[in-house]
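**Student:** Could you have a look at this structure, given as structure tokens, before my questions?
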Amino acid sequence: MANSFGTLFRITTFGESHGVGIGVTIDGCPAGLAVDVAEIQAALDRRRPGQSDLTTPRKEADQVEVLSGLFGGMTTGTPIGLLIRNQDQASHDYSHIEHAYRPSHADYTYDQKYGRRDYRGGGRSSARETAARVAAGVVAQKLLAHYGIEVASYVSQVGAVAVPVGYEELDLSLTDSNPVRCPHPETAERMAALIRQTRDRHDTVGGIVTGVVRHVPTGLGEPVFDKLHAELGKAMLSINAVKGFEYGSGFAGTLLFGSEHNDQFYTNEAGEVRTRTNHSGGIQGGISNGQDIYFRVAFKPVATILQPQQTINDQGEEISLAGKGRHDPCVLPRAVPIVDAMTSLVLADMILRARANKVG
């Protein structure tokens with residue numbers, strides 16, 4: 001099912017950007033898990049528009065409503081239904097593209113696939129759909145917390161401005177200390193300046209979000225086709241504007257020889273098997289090995305720019321088109337909670353699937 005994700009811990013999202021609302025159904029979540037609706041709301045507040053001058057000024061409270069599956073602050077084992085109503089739609093901002101195909105948007109491809117499209121804010125192809133994933137991700141994070149697993153993401157690059165050190169040298173608790181969501185304060189200031197300069201030029205800029213998962217148990221992943229890194233890659237590539245995914249050493253690992261790249265095993269003082277390096281990114285053979293999982297997700301510049309561009313309409317006629325309305329000059333700050341959510345959904349599903357792999 002194209003609108004569902006996961007095997008045992010499974011979500012299905014619904015709704016459009018300018019419809020009544022968006023929502024998600026979560027199926028397969030075990031009963032007895034403590035879930036505070038305020039925590040879901042806090043995650044949605046991290047993703048919502050209008051939170052700083054670096055994001056779109058669209059004003060959405062993104063107030064979550066629980067339809068089912070929670071009682072007395074606990075999951076009941078039945079499907080969890082969450083709804084987020086749309087409040088600040090400005091559909092008139094999109095009347096000029098009713099018959100036009102915006103460059104690098106999904107207008108043309110949706111039209112070709114379905115023979116019709118909701119042009120108001122992109123309809124189902126809008127990144128607004130990801131709010132439903134963020135809400136579901138909080139429930140997944142509560143399951144992961146039961147196993148001591150921690151998920152964190154941060155903005156590590158905007159345009160050519162990049163954090164100069166790896167995640168191991170950062171205090172990730174500082175991620176939300178600035179509107180860019182970069183835990184390296186000096187770099188965060190430069191990133192914010194670049195985003196503002198780009199916005200003032202009526203342009204957009206992309207970048208990279210780094211994801212980190214700590215305290216991961218060994219044995220998560222389902223070879224051969226549902227390898228852990230493959231599922232993480234699918235999850236990240238399903239996010240709007242994502243153009244690339246790499247884990248561990250990624251493409252940089254191609255510059256090393258095997259003698260440099262291999263992660264040598266040892267047993268630590270606690271009797272735990274560990275590796276001296278972690279080029280594998282915590283995953284070997286598609287299965288977690290107990291080391292930190294880390295990866296990078298590349299986001300393209302937002303496709304809507306407030307400048308005239310050449311394109312065509314649905315009659316094939318060449319036209320000039322400029323974006324209107326309220327849009328992000330950079331999607332990275334609001335993408336962090338989405339990456340957190342998709343990471344958590346993958347790992348929650350893998351935790352449940354791992355329990356069926358062996359006796360004892």
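Chain labels follow the order of the structure tokens: the first chain is A, the next B, and so on; residue numbering restarts at 1 in every chain, and ligands are counted from 1 in their shown order.
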Using backbone DSSP assignments, extract all strand (DSSP E or B) residues from segment 144-295 of chain A; output them as a compact mmCIF listing (two decimals) with C-alpha atoms, in the first residue's frame.
**Tutor:**
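Listing of part_23.txt after writing:
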# COMPACT_ATOMS: atom_id res chain seq x y z
CA GLU A 150 18.04 7.19 21.67
CA VAL A 151 17.42 8.93 18.33
CA ALA A 152 18.76 12.39 17.49
CA SER A 153 19.13 14.41 14.29
CA TYR A 154 20.60 17.82 13.54
CA VAL A 155 21.41 20.15 10.65
CA SER A 156 25.03 19.53 9.72
CA GLN A 157 25.20 21.55 6.50
CA VAL A 158 23.36 24.37 4.72
CA VAL A 161 28.36 25.94 5.28
CA ALA A 162 29.11 22.72 7.17
CA GLY A 207 21.75 21.01 2.85
CA ILE A 208 22.24 17.92 5.00
CA VAL A 209 20.65 16.49 8.15
CA THR A 210 22.74 14.02 10.14
CA GLY A 211 20.96 11.28 12.08
CA VAL A 212 22.38 9.41 15.08
CA VAL A 213 21.00 6.39 16.97
CA ARG A 214 22.66 5.37 20.23
CA GLU A 222 15.92 -8.40 8.23
CA ASP A 226 14.86 -5.57 4.52
CA VAL A 242 15.45 14.27 -0.13
CA LYS A 243 18.01 13.57 -2.85
CA GLY A 244 20.47 11.25 -1.14
CA PHE A 245 21.20 8.95 1.80
CA GLU A 246 24.48 7.54 3.08
CA TYR A 247 25.33 5.73 6.30
CA PHE A 265 36.52 -6.18 16.84
CA TYR A 266 37.54 -6.26 20.50
CA THR A 267 35.94 -7.04 23.86
CA VAL A 273 31.86 -6.91 21.71
CA ARG A 274 32.75 -3.59 20.12
CA THR A 275 34.70 -2.27 17.12
CA ILE A 283 25.34 -1.94 10.62
CA GLN A 284 27.03 -5.01 9.12
CA ILE A 287 22.06 -6.06 10.91
CA SER A 288 22.90 -3.73 13.81
CA ILE A 293 24.17 4.12 13.83
CA TYR A 294 24.86 7.35 11.97
CA PHE A 295 23.82 8.58 8.55
**Student:** List every residue of segment 275-348 of chain A that DSSP, applied to the backbone of this structure, places in alpha helix (DSSP H), and write the result as a VMD selection string.
**Tutor:** chain A and resid 332 to 348
**Student:** Taking only C-alpha atoms into account, which of A:Pro217, A:Gly21, A:Pro79, A:Pro164 comes nearest Cys182 of chain A?
**Tutor:**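 The shortest atom-to-atom distance to Cys182 of chain A comes from A:Pro164.
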**Student:** Extract, using only C-alpha atoms, all DNA, RNA and protein residues at most 8 Å from segment 65-72 of chain A, discarding same-chain residues fewer than 5 positions from it, and format them as a PyMOL selection string.
**Tutor:** chain A and resi 35+77-84
**Student:** Can I get the selected residues back with N, CA and C atoms, as a compact mmCIF listing (two decimals), in the first residue's frame?
**Tutor:**
# COMPACT_ATOMS: atom_id res chain seq x y z
N VAL A 35 2.09 7.10 26.64
CA VAL A 35 2.24 8.12 25.60
C VAL A 35 1.53 9.38 26.06
N GLY A 77 -3.36 -1.13 22.45
CA GLY A 77 -3.11 -2.25 21.55
C GLY A 77 -3.95 -2.20 20.30
N THR A 78 -4.93 -1.30 20.28
CA THR A 78 -5.79 -1.13 19.10
C THR A 78 -5.21 -0.02 18.23
N PRO A 79 -5.67 0.13 16.97
CA PRO A 79 -5.12 1.17 16.10
C PRO A 79 -5.21 2.56 16.74
N ILE A 80 -4.13 3.30 16.64
CA ILE A 80 -4.06 4.66 17.16
C ILE A 80 -4.37 5.62 16.02
N GLY A 81 -5.38 6.45 16.19
CA GLY A 81 -5.75 7.42 15.17
C GLY A 81 -5.42 8.83 15.63
N LEU A 82 -4.66 9.58 14.83
CA LEU A 82 -4.28 10.96 15.16
C LEU A 82 -4.68 11.87 14.01
N LEU A 83 -5.26 13.02 14.33
CA LEU A 83 -5.73 13.98 13.32
C LEU A 83 -5.16 15.35 13.60
N ILE A 84 -4.71 16.03 12.53
CA ILE A 84 -4.22 17.41 12.61
C ILE A 84 -4.99 18.22 11.59
**Student:** Using only C-alpha atoms for the distances, tell me which of A:Leu194, A:Ala31, A:Ile239, A:Ile26 is nearest to Val336 of chain A.
**Tutor:**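 Ranked by minimum distance to Val336 of chain A, first place goes to A:Ile239.
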**Student:** Looking at only C-alpha atoms, which of A:Arg102, A:Arg133, A:Arg353, A:Lys59 is the one that sits closest to Ala303 of chain A?
**Tutor:**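 Closest residue, counting only C-alpha atoms: A:Arg102.
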**Student:** Set the distance at 8 Å and use only C-alpha atoms: which residues neighbour segment 120-127 of chain A once local chain neighbours fewer than 2 positions away are removed? I'd like the list as a PyMOL selection string.
**Tutor:** chain A and resi 15-19+91+94-95+106-107+117-118+129-131+239-240
**Student:** Under the rule that only C-alpha atoms are counted, which of A:Arg296, A:Lys234, A:Arg355, A:Arg181 is the nearest residue to Arg46 of chain A?
**Tutor:** A:Arg181
**Student:** Set the distance at 7 Å and use only C-alpha atoms: which residues neighbour Gly323 of chain A once local chain neighbours fewer than 6 positions away are removed? I'd like the list as a compact mmCIF listing (two decimals) with N, CA, C and O atoms, in the first residue's frame.
**Tutor:**
# COMPACT_ATOMS: atom_id res chain seq x y z
N THR A 304 9.97 25.73 -4.91
CA THR A 304 9.25 26.98 -5.14
C THR A 304 10.14 28.17 -4.86
O THR A 304 10.59 28.37 -3.73
N ILE A 305 10.42 28.96 -5.89
CA ILE A 305 11.19 30.20 -5.72
C ILE A 305 10.35 31.36 -6.26
O ILE A 305 9.58 31.20 -7.21
N LEU A 306 10.50 32.52 -5.62
CA LEU A 306 9.70 33.69 -6.00
C LEU A 306 10.39 34.47 -7.10
O LEU A 306 10.57 35.69 -7.02
N GLN A 307 10.79 33.75 -8.15
CA GLN A 307 11.41 34.34 -9.33
C GLN A 307 10.75 33.76 -10.57
O GLN A 307 10.31 32.59 -10.56
**Student:** What gap, in Å, lies between atom CA of Leu144 of chain A and atom CA of His215 of chain A?
**Tutor:**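 Interatomic distance here is 10.0 Å.
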**Student:** Which value, in Å to one decimal, gives the distance between atom CA of Val139 of chain A and atom CA of Leu44 of chain A?
**Tutor:**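 Interatomic distance, atom CA of Val139 of chain A to atom CA of Leu44 of chain A: 12.5 Å.
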**Student:** Tell me, in Å to one decimal, how far atom CA of His146 of chain A is from atom CA of Leu232 of chain A.
**Tutor:**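 Spanning atom CA of His146 of chain A to atom CA of Leu232 of chain A is a straight-line distance of 20.6 Å.
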**Student:** Determine, counting only C-alpha atoms, which protein, DNA and RNA residues have an atom within 12 Å of an atom of Gln197 of chain A; residues of the same chain fewer than 6 positions away are not included. Present the result as an NGL selection string.
**Tutor:** :A and (53-54 or 159 or 190-191 or 203-205 or 329-330)
**Student:** Give the answer as one residue: which of A:Asp328, A:Cys29, A:Gln112, A:Asn268 has the shortest atom-to-atom distance to Pro57 of chain A, using only C-alpha atoms?
**Tutor:** A:Asp328
**Student:** I'd like the contact shell of segment 4-13 of chain A - 6 Å cut-off, only C-alpha atoms, skipping same-chain residues fewer than 6 positions apart - returned as a list in words.
**Tutor:**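 My reading of the contact set: Gly23, Val24, Thr25, Ile26, Asp27, Gly28, Cys29 and Asp349 of chain A.
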